[in-house]
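What follows is data18.pdb (PDB, C-alpha atoms).
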```
ATOM      1  CA  MET A 275     192.639 232.908 -61.180
ATOM      2  CA  LYS A 276     195.795 231.674 -59.510
ATOM      3  CA  LYS A 277     197.705 233.967 -57.235
ATOM      4  CA  GLU A 278     200.795 235.350 -58.912
ATOM      5  CA  ILE A 279     203.834 234.415 -56.861
ATOM      6  CA  ASN A 280     206.140 237.335 -56.166
ATOM      7  CA  HIS A 281     208.023 235.482 -53.424
ATOM      8  CA  LYS A 282     207.645 238.381 -51.024
ATOM      9  CA  PRO A 283     206.537 237.379 -47.532
ATOM     10  CA  ASP A 284     202.887 238.161 -46.724
ATOM     11  CA  PHE A 285     203.362 237.998 -42.963
ATOM     12  CA  PHE A 286     206.165 238.207 -40.432
ATOM     13  CA  ILE A 287     206.573 236.518 -37.052
ATOM     14  CA  VAL A 288     208.863 239.204 -35.627
ATOM     15  CA  GLY A 289     209.554 237.919 -32.093
ATOM     16  CA  ALA A 290     210.318 238.233 -29.299
ATOM     17  CA  PRO A 291     212.754 235.334 -28.848
ATOM     18  CA  LYS A 292     211.866 232.483 -26.473
ATOM     19  CA  CYS A 293     208.177 233.436 -26.507
ATOM     20  CA  GLY A 294     206.792 230.448 -28.412
ATOM     21  CA  THR A 295     207.762 231.508 -31.944
ATOM     22  CA  THR A 296     209.275 228.120 -32.800
ATOM     23  CA  SER A 297     206.094 226.319 -31.748
ATOM     24  CA  LEU A 298     203.889 228.729 -33.716
ATOM     25  CA  TYR A 299     206.171 228.301 -36.722
ATOM     26  CA  TYR A 300     205.803 224.519 -36.401
ATOM     27  CA  TYR A 301     202.001 224.689 -36.214
ATOM     28  CA  LEU A 302     201.597 227.092 -39.135
ATOM     29  CA  ASN A 303     204.072 225.165 -41.255
ATOM     30  CA  GLN A 304     201.677 222.188 -41.188
ATOM     31  CA  HIS A 305     199.014 224.225 -43.025
ATOM     32  CA  GLN A 306     198.876 223.502 -46.747
ATOM     33  CA  ASN A 307     198.128 227.155 -47.541
ATOM     34  CA  ILE A 308     201.214 228.514 -45.753
ATOM     35  CA  PHE A 309     204.831 228.499 -46.846
ATOM     36  CA  LEU A 310     207.460 229.317 -44.248
ATOM     37  CA  ALA A 311     211.160 229.433 -44.982
ATOM     38  CA  ALA A 312     213.569 228.164 -42.339
ATOM     39  CA  LYS A 313     213.500 230.455 -39.291
ATOM     40  CA  GLU A 314     215.848 233.400 -38.809
ATOM     41  CA  ARG A 315     216.494 234.328 -42.456
ATOM     42  CA  TYR A 316     217.442 237.935 -41.758
ATOM     43  CA  TYR A 317     217.321 240.660 -44.374
ATOM     44  CA  PHE A 318     215.585 243.549 -42.591
ATOM     45  CA  GLY A 319     217.044 245.413 -39.610
ATOM     46  CA  ASN A 320     219.798 247.676 -40.933
ATOM     47  CA  ASP A 321     220.609 248.814 -37.405
ATOM     48  CA  PHE A 322     221.847 245.337 -36.502
ATOM     49  CA  THR A 323     225.465 244.187 -36.572
ATOM     50  CA  PHE A 324     226.028 240.612 -37.766
ATOM     51  CA  LEU A 325     229.590 239.269 -37.550
ATOM     52  CA  GLU A 326     229.195 237.435 -40.851
ATOM     53  CA  GLY A 327     227.303 240.239 -42.587
ATOM     54  CA  LYS A 328     223.704 240.365 -43.816
ATOM     55  CA  SER A 329     221.990 238.490 -46.614
ATOM     56  CA  SER A 330     221.534 240.060 -50.022
ATOM     57  CA  LEU A 331     217.960 240.489 -51.236
ATOM     58  CA  SER A 332     218.349 237.747 -53.849
ATOM     59  CA  HIS A 333     219.727 235.350 -51.226
ATOM     60  CA  TYR A 334     216.888 236.192 -48.853
ATOM     61  CA  LEU A 335     214.178 235.714 -51.485
ATOM     62  CA  SER A 336     215.650 232.401 -52.611
ATOM     63  CA  PHE A 337     214.309 230.837 -49.412
ATOM     64  CA  PHE A 338     210.738 231.517 -50.573
ATOM     65  CA  LYS A 339     211.065 230.403 -54.199
ATOM     66  CA  ASN A 340     209.315 227.053 -53.635
ATOM     67  CA  ALA A 341     206.084 228.659 -52.437
ATOM     68  CA  GLN A 342     202.998 227.625 -54.395
ATOM     69  CA  PRO A 343     200.341 229.975 -55.873
ATOM     70  CA  ASN A 344     197.800 229.087 -53.153
ATOM     71  CA  GLN A 345     200.205 229.686 -50.262
ATOM     72  CA  LEU A 346     200.779 232.678 -48.031
ATOM     73  CA  ILE A 347     204.483 233.287 -47.505
ATOM     74  CA  GLY A 348     205.840 233.872 -44.011
ATOM     75  CA  ASP A 349     209.151 235.001 -42.531
ATOM     76  CA  ALA A 350     209.822 234.062 -38.890
ATOM     77  CA  SER A 351     212.810 236.060 -37.603
ATOM     78  CA  VAL A 352     212.638 236.821 -33.909
ATOM     79  CA  TRP A 353     215.067 239.747 -33.769
ATOM     80  CA  TYR A 354     212.939 241.931 -36.070
ATOM     81  CA  LEU A 355     210.883 243.106 -33.085
ATOM     82  CA  TYR A 356     213.955 244.417 -31.270
ATOM     83  CA  SER A 357     215.271 246.220 -34.357
ATOM     84  CA  LYS A 358     214.678 249.981 -34.465
ATOM     85  CA  THR A 359     214.496 249.995 -38.270
ATOM     86  CA  ALA A 360     213.001 246.649 -39.365
ATOM     87  CA  ALA A 361     209.360 247.784 -39.109
ATOM     88  CA  GLU A 362     209.886 250.708 -41.508
ATOM     89  CA  GLU A 363     211.994 248.544 -43.821
ATOM     90  CA  ILE A 364     209.331 245.814 -43.977
ATOM     91  CA  LYS A 365     206.624 248.433 -44.578
ATOM     92  CA  ALA A 366     208.606 249.928 -47.459
ATOM     93  CA  TYR A 367     209.121 246.472 -48.943
ATOM     94  CA  LYS A 368     205.604 245.040 -48.450
ATOM     95  CA  ALA A 369     203.170 247.670 -47.185
ATOM     96  CA  ASN A 370     200.244 245.334 -46.462
ATOM     97  CA  SER A 371     202.209 242.825 -44.383
ATOM     98  CA  LYS A 372     200.614 241.202 -41.358
ATOM     99  CA  ILE A 373     202.750 241.266 -38.221
ATOM    100  CA  ILE A 374     202.674 238.624 -35.482
ATOM    101  CA  VAL A 375     204.246 239.512 -32.131
ATOM    102  CA  MET A 376     204.733 237.045 -29.270
ATOM    103  CA  LEU A 377     205.478 238.313 -25.760
ATOM    104  CA  ARG A 378     206.466 236.658 -22.494
ATOM    105  CA  GLN A 379     207.168 237.992 -19.006
ATOM    106  CA  PRO A 380     210.486 239.759 -19.714
ATOM    107  CA  THR A 381     212.550 238.409 -16.799
ATOM    108  CA  ASP A 382     211.563 234.865 -17.732
ATOM    109  CA  MET A 383     212.214 235.594 -21.401
ATOM    110  CA  ILE A 384     215.750 236.931 -21.056
ATOM    111  CA  TYR A 385     216.742 234.156 -18.644
ATOM    112  CA  SER A 386     215.449 231.567 -21.105
ATOM    113  CA  LEU A 387     217.156 233.447 -23.953
ATOM    114  CA  HIS A 388     220.505 233.292 -22.161
ATOM    115  CA  GLN A 389     220.121 229.527 -21.674
ATOM    116  CA  HIS A 390     219.247 229.096 -25.344
ATOM    117  CA  GLN A 391     222.204 231.217 -26.461
ATOM    118  CA  LEU A 392     224.493 228.991 -24.398
ATOM    119  CA  PHE A 393     223.081 225.919 -26.123
ATOM    120  CA  ASN A 394     223.485 227.230 -29.660
ATOM    121  CA  GLY A 395     226.949 228.673 -29.150
ATOM    122  CA  ASN A 396     225.941 232.353 -29.218
ATOM    123  CA  GLU A 397     226.923 232.886 -25.566
ATOM    124  CA  ASN A 398     230.172 232.069 -23.778
ATOM    125  CA  ILE A 399     229.380 233.422 -20.305
ATOM    126  CA  VAL A 400     227.697 230.558 -18.457
ATOM    127  CA  ASP A 401     226.566 232.530 -15.397
ATOM    128  CA  PHE A 402     223.484 234.618 -16.229
ATOM    129  CA  LYS A 403     224.295 237.372 -13.721
ATOM    130  CA  LYS A 404     227.790 237.735 -15.183
ATOM    131  CA  ALA A 405     226.311 237.878 -18.692
ATOM    132  CA  LEU A 406     224.120 240.773 -17.529
ATOM    133  CA  GLN A 407     227.138 242.490 -16.024
ATOM    134  CA  ALA A 408     228.983 242.086 -19.331
ATOM    135  CA  GLN A 409     226.345 244.097 -21.205
ATOM    136  CA  VAL A 410     228.261 247.368 -20.710
ATOM    137  CA  GLU A 411     231.481 245.993 -22.188
ATOM    138  CA  ARG A 412     229.641 244.182 -24.953
ATOM    139  CA  LYS A 413     227.934 247.410 -25.987
ATOM    140  CA  LYS A 414     231.444 248.752 -26.616
ATOM    141  CA  GLY A 415     232.252 245.705 -28.747
ATOM    142  CA  TYR A 416     234.195 243.676 -26.199
ATOM    143  CA  GLN A 417     233.602 240.093 -24.967
ATOM    144  CA  ILE A 418     231.677 239.121 -28.115
ATOM    145  CA  PRO A 419     231.547 235.345 -28.820
ATOM    146  CA  ALA A 420     233.598 234.375 -31.882
ATOM    147  CA  LYS A 421     230.850 232.858 -34.071
ATOM    148  CA  LEU A 422     227.831 234.845 -32.948
ATOM    149  CA  GLY A 423     224.798 233.797 -34.991
ATOM    150  CA  CYS A 424     222.496 236.580 -33.794
ATOM    151  CA  PRO A 425     222.982 240.363 -33.922
ATOM    152  CA  ILE A 426     225.624 241.660 -31.506
ATOM    153  CA  GLU A 427     222.835 243.865 -30.137
ATOM    154  CA  GLY A 428     221.021 240.693 -29.063
ATOM    155  CA  LEU A 429     223.498 240.292 -26.189
ATOM    156  CA  GLN A 430     221.919 243.332 -24.513
ATOM    157  CA  TYR A 431     219.474 241.085 -22.680
ATOM    158  CA  GLN A 432     217.733 243.744 -20.598
ATOM    159  CA  GLN A 433     217.054 245.953 -23.589
ATOM    160  CA  VAL A 434     215.676 242.989 -25.534
ATOM    161  CA  GLY A 435     213.126 242.541 -22.727
ATOM    162  CA  LYS A 436     211.819 246.129 -22.853
ATOM    163  CA  TYR A 437     208.900 245.525 -25.204
ATOM    164  CA  TYR A 438     206.972 248.810 -25.050
ATOM    165  CA  LYS A 439     208.857 250.802 -27.696
ATOM    166  CA  GLN A 440     209.346 247.688 -29.814
ATOM    167  CA  VAL A 441     205.604 246.948 -30.025
ATOM    168  CA  LYS A 442     204.676 250.630 -30.306
ATOM    169  CA  ARG A 443     206.933 250.955 -33.344
ATOM    170  CA  TYR A 444     205.118 248.176 -35.231
ATOM    171  CA  ILE A 445     201.673 249.474 -34.286
ATOM    172  CA  GLU A 446     202.585 252.979 -35.478
ATOM    173  CA  VAL A 447     204.018 251.678 -38.757
ATOM    174  CA  PHE A 448     201.431 249.015 -39.662
ATOM    175  CA  GLY A 449     198.354 250.048 -37.672
ATOM    176  CA  LYS A 450     196.927 248.180 -34.721
ATOM    177  CA  GLN A 451     194.621 246.135 -36.961
ATOM    178  CA  ASN A 452     197.628 244.571 -38.725
ATOM    179  CA  VAL A 453     199.664 243.747 -35.611
ATOM    180  CA  HIS A 454     198.516 240.623 -33.791
ATOM    181  CA  ILE A 455     199.939 240.034 -30.305
ATOM    182  CA  ILE A 456     200.095 236.566 -28.771
ATOM    183  CA  TRP A 457     200.736 236.485 -25.035
ATOM    184  CA  PHE A 458     202.910 233.558 -24.001
ATOM    185  CA  ASP A 459     200.708 232.605 -21.037
ATOM    186  CA  ASP A 460     197.647 232.384 -23.306
ATOM    187  CA  PHE A 461     199.611 230.442 -25.908
ATOM    188  CA  LYS A 462     200.890 227.996 -23.310
ATOM    189  CA  LYS A 463     197.384 227.501 -21.930
ATOM    190  CA  ASP A 464     195.642 226.929 -25.289
ATOM    191  CA  ALA A 465     197.934 226.828 -28.317
ATOM    192  CA  LYS A 466     195.126 225.609 -30.564
ATOM    193  CA  ALA A 467     192.960 228.654 -29.818
ATOM    194  CA  GLU A 468     195.868 231.032 -30.479
ATOM    195  CA  TYR A 469     196.698 229.201 -33.706
ATOM    196  CA  LYS A 470     193.118 229.682 -34.881
ATOM    197  CA  LYS A 471     193.316 233.411 -34.119
ATOM    198  CA  VAL A 472     196.397 233.659 -36.315
ATOM    199  CA  CYS A 473     194.578 231.853 -39.130
ATOM    200  CA  THR A 474     191.772 234.403 -38.811
ATOM    201  CA  ILE A 475     194.241 237.289 -39.047
ATOM    202  CA  LEU A 476     195.799 235.690 -42.132
ATOM    203  CA  ASN A 477     192.335 235.063 -43.615
ATOM    204  CA  ILE A 478     192.799 231.317 -44.035
ATOM    205  CA  VAL A 479     190.715 228.422 -42.741
ATOM    206  CA  PRO A 480     192.473 226.551 -39.906
ATOM    207  CA  ILE A 481     193.003 222.836 -40.391
ATOM    208  CA  GLU A 482     192.239 220.443 -37.570
ATOM    209  CA  ASN A 483     194.908 217.741 -37.871
ATOM    210  CA  ILE A 484     197.699 219.838 -36.363
ATOM    211  CA  ASP A 485     200.378 218.465 -34.044
ATOM    212  CA  PHE A 486     200.362 220.945 -31.153
ATOM    213  CA  SER A 487     203.366 219.526 -29.313
ATOM    214  CA  VAL A 488     205.657 222.112 -27.703
ATOM    215  CA  GLN A 489     208.806 222.916 -29.669
ATOM    216  CA  ASN A 490     212.191 224.373 -28.649
ATOM    217  CA  LYS A 491     212.107 223.384 -24.971
ATOM    218  CA  SER A 492     215.097 224.063 -22.711
ATOM    219  CA  GLN A 493     218.034 222.175 -24.178
ATOM    220  CA  LYS A 494     221.707 221.528 -23.761
ATOM    221  CA  ALA A 495     224.239 220.103 -26.183
ATOM    222  CA  ARG A 496     225.003 216.387 -26.097
ATOM    223  CA  SER A 497     228.484 217.260 -27.318
ATOM    224  CA  ASN A 498     230.076 220.702 -26.995
ATOM    225  CA  ARG A 499     232.684 219.603 -29.524
ATOM    226  CA  PHE A 500     229.966 218.863 -32.084
ATOM    227  CA  THR A 501     228.384 222.263 -31.336
ATOM    228  CA  LYS A 502     231.702 223.916 -32.172
ATOM    229  CA  LEU A 503     231.883 221.944 -35.428
ATOM    230  CA  LEU A 504     228.392 223.156 -36.359
ATOM    231  CA  LYS A 505     229.190 226.766 -35.450
ATOM    232  CA  HIS A 506     232.731 226.898 -36.859
ATOM    233  CA  ARG A 507     232.283 225.274 -40.258
ATOM    234  CA  SER A 508     235.313 225.932 -42.446
ATOM    235  CA  LYS A 509     235.013 227.603 -45.846
ATOM    236  CA  LYS A 510     236.231 224.366 -47.404
ATOM    237  CA  ALA A 511     233.477 222.360 -45.673
ATOM    238  CA  ILE A 512     230.849 224.899 -46.720
ATOM    239  CA  SER A 513     232.059 224.843 -50.347
ATOM    240  CA  LEU A 514     232.023 221.037 -50.386
ATOM    241  CA  SER A 515     228.489 220.941 -48.948
ATOM    242  CA  LYS A 516     227.308 223.250 -51.756
ATOM    243  CA  ILE A 517     228.713 220.825 -54.343
ATOM    244  CA  LEU A 518     227.271 217.724 -52.670
ATOM    245  CA  ILE A 519     223.915 219.361 -51.801
ATOM    246  CA  PRO A 520     223.089 222.087 -54.356
ATOM    247  CA  SER A 521     219.724 222.935 -52.747
ATOM    248  CA  ARG A 522     220.176 225.711 -50.164
ATOM    249  CA  ASN A 523     216.918 224.801 -48.417
ATOM    250  CA  LEU A 524     218.019 221.184 -48.134
ATOM    251  CA  ARG A 525     221.378 222.234 -46.671
ATOM    252  CA  TYR A 526     219.620 224.320 -44.014
ATOM    253  CA  LYS A 527     217.262 221.441 -43.206
ATOM    254  CA  LEU A 528     220.215 219.094 -42.838
ATOM    255  CA  LEU A 529     222.011 221.567 -40.577
ATOM    256  CA  ASP A 530     218.850 221.909 -38.493
ATOM    257  CA  PHE A 531     218.677 218.106 -38.246
ATOM    258  CA  PHE A 532     222.243 217.976 -36.887
ATOM    259  CA  TRP A 533     221.427 220.664 -34.301
ATOM    260  CA  LYS A 534     218.404 218.661 -33.145
ATOM    261  CA  MET A 535     220.422 215.438 -33.066
ATOM    262  CA  ASN A 536     222.956 217.142 -30.796
ATOM    263  CA  SER A 537     220.369 218.457 -28.347
ATOM    264  CA  VAL A 538     218.782 216.977 -25.268
ATOM    265  CA  GLU A 539     215.948 218.451 -23.214
ATOM    266  CA  VAL A 540     216.810 219.575 -19.683
ATOM    267  CA  GLU A 541     215.002 221.028 -16.709
ATOM    268  CA  LYS A 542     215.820 224.716 -16.488
ATOM    269  CA  THR A 543     217.386 225.741 -13.179
ATOM    270  CA  ALA A 544     215.470 228.382 -11.236
ATOM    271  CA  LEU A 545     216.623 231.984 -11.288
ATOM    272  CA  SER A 546     217.777 233.252  -7.900
ATOM    273  CA  LYS A 547     215.080 235.119  -5.971
ATOM    274  CA  ASN A 548     217.154 238.291  -5.579
ATOM    275  CA  LEU A 549     218.057 238.530  -9.266
ATOM    276  CA  LYS A 550     214.491 237.752 -10.273
ATOM    277  CA  GLN A 551     213.158 240.555  -8.045
ATOM    278  CA  HIS A 552     215.814 242.951  -9.328
ATOM    279  CA  LEU A 553     214.915 242.273 -12.958
ATOM    280  CA  ASP A 554     211.153 242.382 -12.313
ATOM    281  CA  HIS A 555     211.649 245.836 -10.795
ATOM    282  CA  PHE A 556     213.810 246.889 -13.755
ATOM    283  CA  PHE A 557     211.028 245.947 -16.202
ATOM    284  CA  LEU A 558     208.090 247.262 -14.144
ATOM    285  CA  GLU A 559     207.728 250.704 -15.754
ATOM    286  CA  ASP A 560     208.038 249.256 -19.255
ATOM    287  CA  ILE A 561     205.385 246.632 -18.487
ATOM    288  CA  GLU A 562     202.989 249.317 -17.270
ATOM    289  CA  LYS A 563     203.488 251.281 -20.496
ATOM    290  CA  LEU A 564     202.866 248.100 -22.481
ATOM    291  CA  GLU A 565     199.599 247.574 -20.584
ATOM    292  CA  THR A 566     198.415 251.051 -21.574
ATOM    293  CA  LEU A 567     199.473 250.541 -25.188
ATOM    294  CA  THR A 568     197.792 247.165 -25.652
ATOM    295  CA  GLY A 569     194.944 247.236 -23.115
ATOM    296  CA  LYS A 570     196.167 243.906 -21.737
ATOM    297  CA  ASN A 571     196.121 243.319 -17.975
ATOM    298  CA  LEU A 572     199.661 242.248 -17.095
ATOM    299  CA  ASP A 573     199.320 241.936 -13.320
ATOM    300  CA  GLY A 574     200.687 238.403 -13.645
ATOM    301  CA  TRP A 575     203.925 239.858 -14.987
ATOM    302  CA  LYS A 576     204.245 242.441 -12.218
ATOM    303  CA  ASN A 577     202.967 240.916  -8.977
ATOM    304  CA  ARG A 578     205.265 237.936  -8.547
ATOM    305  CA  ASN A 579     206.749 236.469  -5.384
TER     306      ASN A 579
END
```
What does this structure look like when you write it as structure tokens?
Amino acid sequence: MKKEINHKPDFFIVGAPKCGTTSLYYYLNQHQNIFLAAKERYYFGNDFTFLEGKSSLSHYLSFFKNAQPNQLIGDASVWYLYSKTAAEEIKAYKANSKIIVMLRQPTDMIYSLHQHQLFNGNENIVDFKKALQAQVERKKGYQIPAKLGCPIEGLQYQQVGKYYKQVKRYIEVFGKQNVHIIWFDDFKKDAKAEYKKVCTILNIVPIENIDFSVQNKSQKARSNRFTKLLKHRSKKAISLSKILIPSRNLRYKLLDFFWKMNSVEVEKTALSKNLKQHLDHFFLEDIEKLETLTGKNLDGWKNRN
């Protein structure tokens, strides 16, 4: 008997950002028994503030309508982990969902996140230290970039990096057996092994002919002007694109193509030693709580020169 398609996601890659989620998405999307919509199709997370508002349920589900009866449906939206309400909302919507969490040393993560936000036009403070200093004002609603594509709350970099309560929330809501954690260092060392673990959690047979190349490396824009055009599309341009390209999925794929065309890989500059030590100390207590929660030895996150 064929599986009845209800177009509700079966599993969620909930974050954190810059922890390998794009690569995992790319690997899983090559599996014939998995259907993944374009990343970051937010519907859950009612505590978040989006400048352009949130998707309706019908709009959200439309991204999964092309899934086939033999496919598991996945939603990869990296801010769900940080949300205080998304776990309960997902549970209420699809109680038996599988949750995939990806975690990276938090200082490294938020520094990489800031660089990525600069590239995609979600950040307008180039200096990382100054962006951290701006967190207080941004929490009050000031100094927010004009066309912010992530939740305003996502500019609170240091809070994004405090994983303990975020992970604990999902474990409490879904049960430890339904929350699979991938540690960035393990993923970087052997992506194929981690991919196979995910297939086991999803109860599908892994396929062998997977391209395991790394995705979403450090990038900068070839043209800042073109980045602004992509971020600040006029209503007239959007309306015209809907007429010329009726398929929403195709429009998103085309937009993604333009983003990739406008990007070039760069070597990430090193974080200053003093700021790195300051942030490592800031995250230390949270890391220790995360160790207790997960049973994972995180000495490599704590004892750094």
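One finds atom CA of Gly395 of chain A at 19.0 Å from atom CA of Lys413 of chain A.
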Hey, what's within 7 Å of Cys293 of chain A if we count all atoms listed in the file and toss same-chain stuff fewer than 4 positions away? As a count of residues only, please? 5
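The list of residues with at least one atom within 12 Å of Gln391 of chain A, based on all atoms listed in the file and without residues fewer than 5 positions apart in the same chain, reads A:Pro291, A:Lys292, A:Ile384, A:Tyr385, A:Ser386, A:Asn396, A:Glu397, A:Asn398, A:Ile399, A:Val400, A:Asp401, A:Phe402, A:Ala405, A:Pro419, A:Lys421, A:Leu422, A:Gly423, A:Cys424, A:Pro425, A:Gly428, A:Leu429, A:Tyr431, A:Ser492, A:Gln493, A:Lys494, A:Ala495, A:Thr501.
With the shown file loaded, the PyMOL selection byres ((chain A and resi 355) around 8) picks out Val288, Gly289, Ala290, Val352, Trp353, Tyr354, Tyr356, Ser357, Lys358, Ala360, Ala361, Val375, Gln440, Val441 and Tyr444 of chain A.
Computed from the coordinates, the atom CA of Ile481 of chain A to atom CA of Pro283 of chain A distance equals 21.1 Å.
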Within-12 Å shell of (193.8, 245.2, -35.4) in input frame, only C-alpha atoms, as a PyMOL selection string: chain A and resi 372-374+444-446+448-455+471-472+474-476+568
Can you rebuild segment 348-356 of chain A with all heavy atoms and give it as a PDB file, keeping the file's coordinate frame?
```
ATOM      1  N   GLY A 348     205.511 233.300 -45.312  1.00  0.00           N
ATOM      2  CA  GLY A 348     205.840 233.872 -44.011  1.00  0.00           C
ATOM      3  C   GLY A 348     207.327 233.867 -43.731  1.00  0.00           C
ATOM      4  O   GLY A 348     208.061 232.979 -44.177  1.00  0.00           O
ATOM      5  N   ASP A 349     207.768 234.876 -42.996  1.00  0.00           N
ATOM      6  CA  ASP A 349     209.151 235.001 -42.531  1.00  0.00           C
ATOM      7  C   ASP A 349     209.101 235.045 -41.004  1.00  0.00           C
ATOM      8  O   ASP A 349     208.466 235.923 -40.429  1.00  0.00           O
ATOM      9  CB  ASP A 349     209.764 236.283 -43.101  1.00  0.00           C
ATOM     10  CG  ASP A 349     211.170 236.582 -42.567  1.00  0.00           C
ATOM     11  OD1 ASP A 349     211.655 235.849 -41.682  1.00  0.00           O
ATOM     12  OD2 ASP A 349     211.778 237.563 -43.021  1.00  0.00           O
ATOM     13  N   ALA A 350     209.769 234.094 -40.352  1.00  0.00           N
ATOM     14  CA  ALA A 350     209.822 234.062 -38.890  1.00  0.00           C
ATOM     15  C   ALA A 350     211.246 234.368 -38.445  1.00  0.00           C
ATOM     16  O   ALA A 350     212.132 233.518 -38.533  1.00  0.00           O
ATOM     17  CB  ALA A 350     209.385 232.692 -38.370  1.00  0.00           C
ATOM     18  N   SER A 351     211.476 235.606 -38.000  1.00  0.00           N
ATOM     19  CA  SER A 351     212.810 236.060 -37.603  1.00  0.00           C
ATOM     20  C   SER A 351     212.673 236.885 -36.328  1.00  0.00           C
ATOM     21  O   SER A 351     212.231 238.039 -36.367  1.00  0.00           O
ATOM     22  CB  SER A 351     213.448 236.900 -38.718  1.00  0.00           C
ATOM     23  OG  SER A 351     213.574 236.145 -39.913  1.00  0.00           O
ATOM     24  N   VAL A 352     213.063 236.287 -35.203  1.00  0.00           N
ATOM     25  CA  VAL A 352     212.638 236.821 -33.909  1.00  0.00           C
ATOM     26  C   VAL A 352     213.338 238.101 -33.466  1.00  0.00           C
ATOM     27  O   VAL A 352     212.904 238.727 -32.501  1.00  0.00           O
ATOM     28  CB  VAL A 352     212.786 235.764 -32.788  1.00  0.00           C
ATOM     29  CG1 VAL A 352     211.941 234.553 -33.071  1.00  0.00           C
ATOM     30  CG2 VAL A 352     214.253 235.378 -32.583  1.00  0.00           C
ATOM     31  N   TRP A 353     214.399 238.505 -34.164  1.00  0.00           N
ATOM     32  CA  TRP A 353     215.067 239.747 -33.769  1.00  0.00           C
ATOM     33  C   TRP A 353     214.468 240.975 -34.448  1.00  0.00           C
ATOM     34  O   TRP A 353     214.833 242.106 -34.119  1.00  0.00           O
ATOM     35  CB  TRP A 353     216.573 239.654 -34.047  1.00  0.00           C
ATOM     36  CG  TRP A 353     217.239 238.657 -33.162  1.00  0.00           C
ATOM     37  CD1 TRP A 353     217.708 237.429 -33.520  1.00  0.00           C
ATOM     38  CD2 TRP A 353     217.496 238.776 -31.767  1.00  0.00           C
ATOM     39  NE1 TRP A 353     218.229 236.770 -32.435  1.00  0.00           N
ATOM     40  CE2 TRP A 353     218.123 237.582 -31.343  1.00  0.00           C
ATOM     41  CE3 TRP A 353     217.262 239.791 -30.819  1.00  0.00           C
ATOM     42  CZ2 TRP A 353     218.512 237.364 -30.025  1.00  0.00           C
ATOM     43  CZ3 TRP A 353     217.648 239.570 -29.508  1.00  0.00           C
ATOM     44  CH2 TRP A 353     218.266 238.378 -29.124  1.00  0.00           C
ATOM     45  N   TYR A 354     213.564 240.784 -35.393  1.00  0.00           N
ATOM     46  CA  TYR A 354     212.939 241.931 -36.070  1.00  0.00           C
ATOM     47  C   TYR A 354     212.208 242.848 -35.090  1.00  0.00           C
ATOM     48  O   TYR A 354     212.156 244.058 -35.280  1.00  0.00           O
ATOM     49  CB  TYR A 354     211.946 241.456 -37.129  1.00  0.00           C
ATOM     50  CG  TYR A 354     212.557 240.957 -38.419  1.00  0.00           C
ATOM     51  CD1 TYR A 354     211.823 240.122 -39.264  1.00  0.00           C
ATOM     52  CD2 TYR A 354     213.836 241.318 -38.809  1.00  0.00           C
ATOM     53  CE1 TYR A 354     212.356 239.666 -40.461  1.00  0.00           C
ATOM     54  CE2 TYR A 354     214.381 240.853 -39.999  1.00  0.00           C
ATOM     55  CZ  TYR A 354     213.638 240.021 -40.823  1.00  0.00           C
ATOM     56  OH  TYR A 354     214.155 239.569 -42.015  1.00  0.00           O
ATOM     57  N   LEU A 355     211.626 242.284 -34.049  1.00  0.00           N
ATOM     58  CA  LEU A 355     210.883 243.106 -33.085  1.00  0.00           C
ATOM     59  C   LEU A 355     211.819 244.072 -32.371  1.00  0.00           C
ATOM     60  O   LEU A 355     211.480 245.240 -32.159  1.00  0.00           O
ATOM     61  CB  LEU A 355     210.167 242.215 -32.065  1.00  0.00           C
ATOM     62  CG  LEU A 355     209.323 242.948 -31.014  1.00  0.00           C
ATOM     63  CD1 LEU A 355     208.156 243.673 -31.661  1.00  0.00           C
ATOM     64  CD2 LEU A 355     208.810 241.977 -29.953  1.00  0.00           C
ATOM     65  N   TYR A 356     212.987 243.613 -32.020  1.00  0.00           N
ATOM     66  CA  TYR A 356     213.955 244.417 -31.270  1.00  0.00           C
ATOM     67  C   TYR A 356     214.604 245.497 -32.138  1.00  0.00           C
ATOM     68  O   TYR A 356     215.053 246.534 -31.641  1.00  0.00           O
ATOM     69  CB  TYR A 356     215.006 243.479 -30.677  1.00  0.00           C
ATOM     70  CG  TYR A 356     216.072 244.136 -29.848  1.00  0.00           C
ATOM     71  CD1 TYR A 356     215.762 245.102 -28.885  1.00  0.00           C
ATOM     72  CD2 TYR A 356     217.412 243.769 -30.001  1.00  0.00           C
ATOM     73  CE1 TYR A 356     216.753 245.685 -28.113  1.00  0.00           C
ATOM     74  CE2 TYR A 356     218.403 244.342 -29.236  1.00  0.00           C
ATOM     75  CZ  TYR A 356     218.075 245.316 -28.297  1.00  0.00           C
ATOM     76  OH  TYR A 356     219.058 245.885 -27.533  1.00  0.00           O
TER      77      TYR A 356
END
```
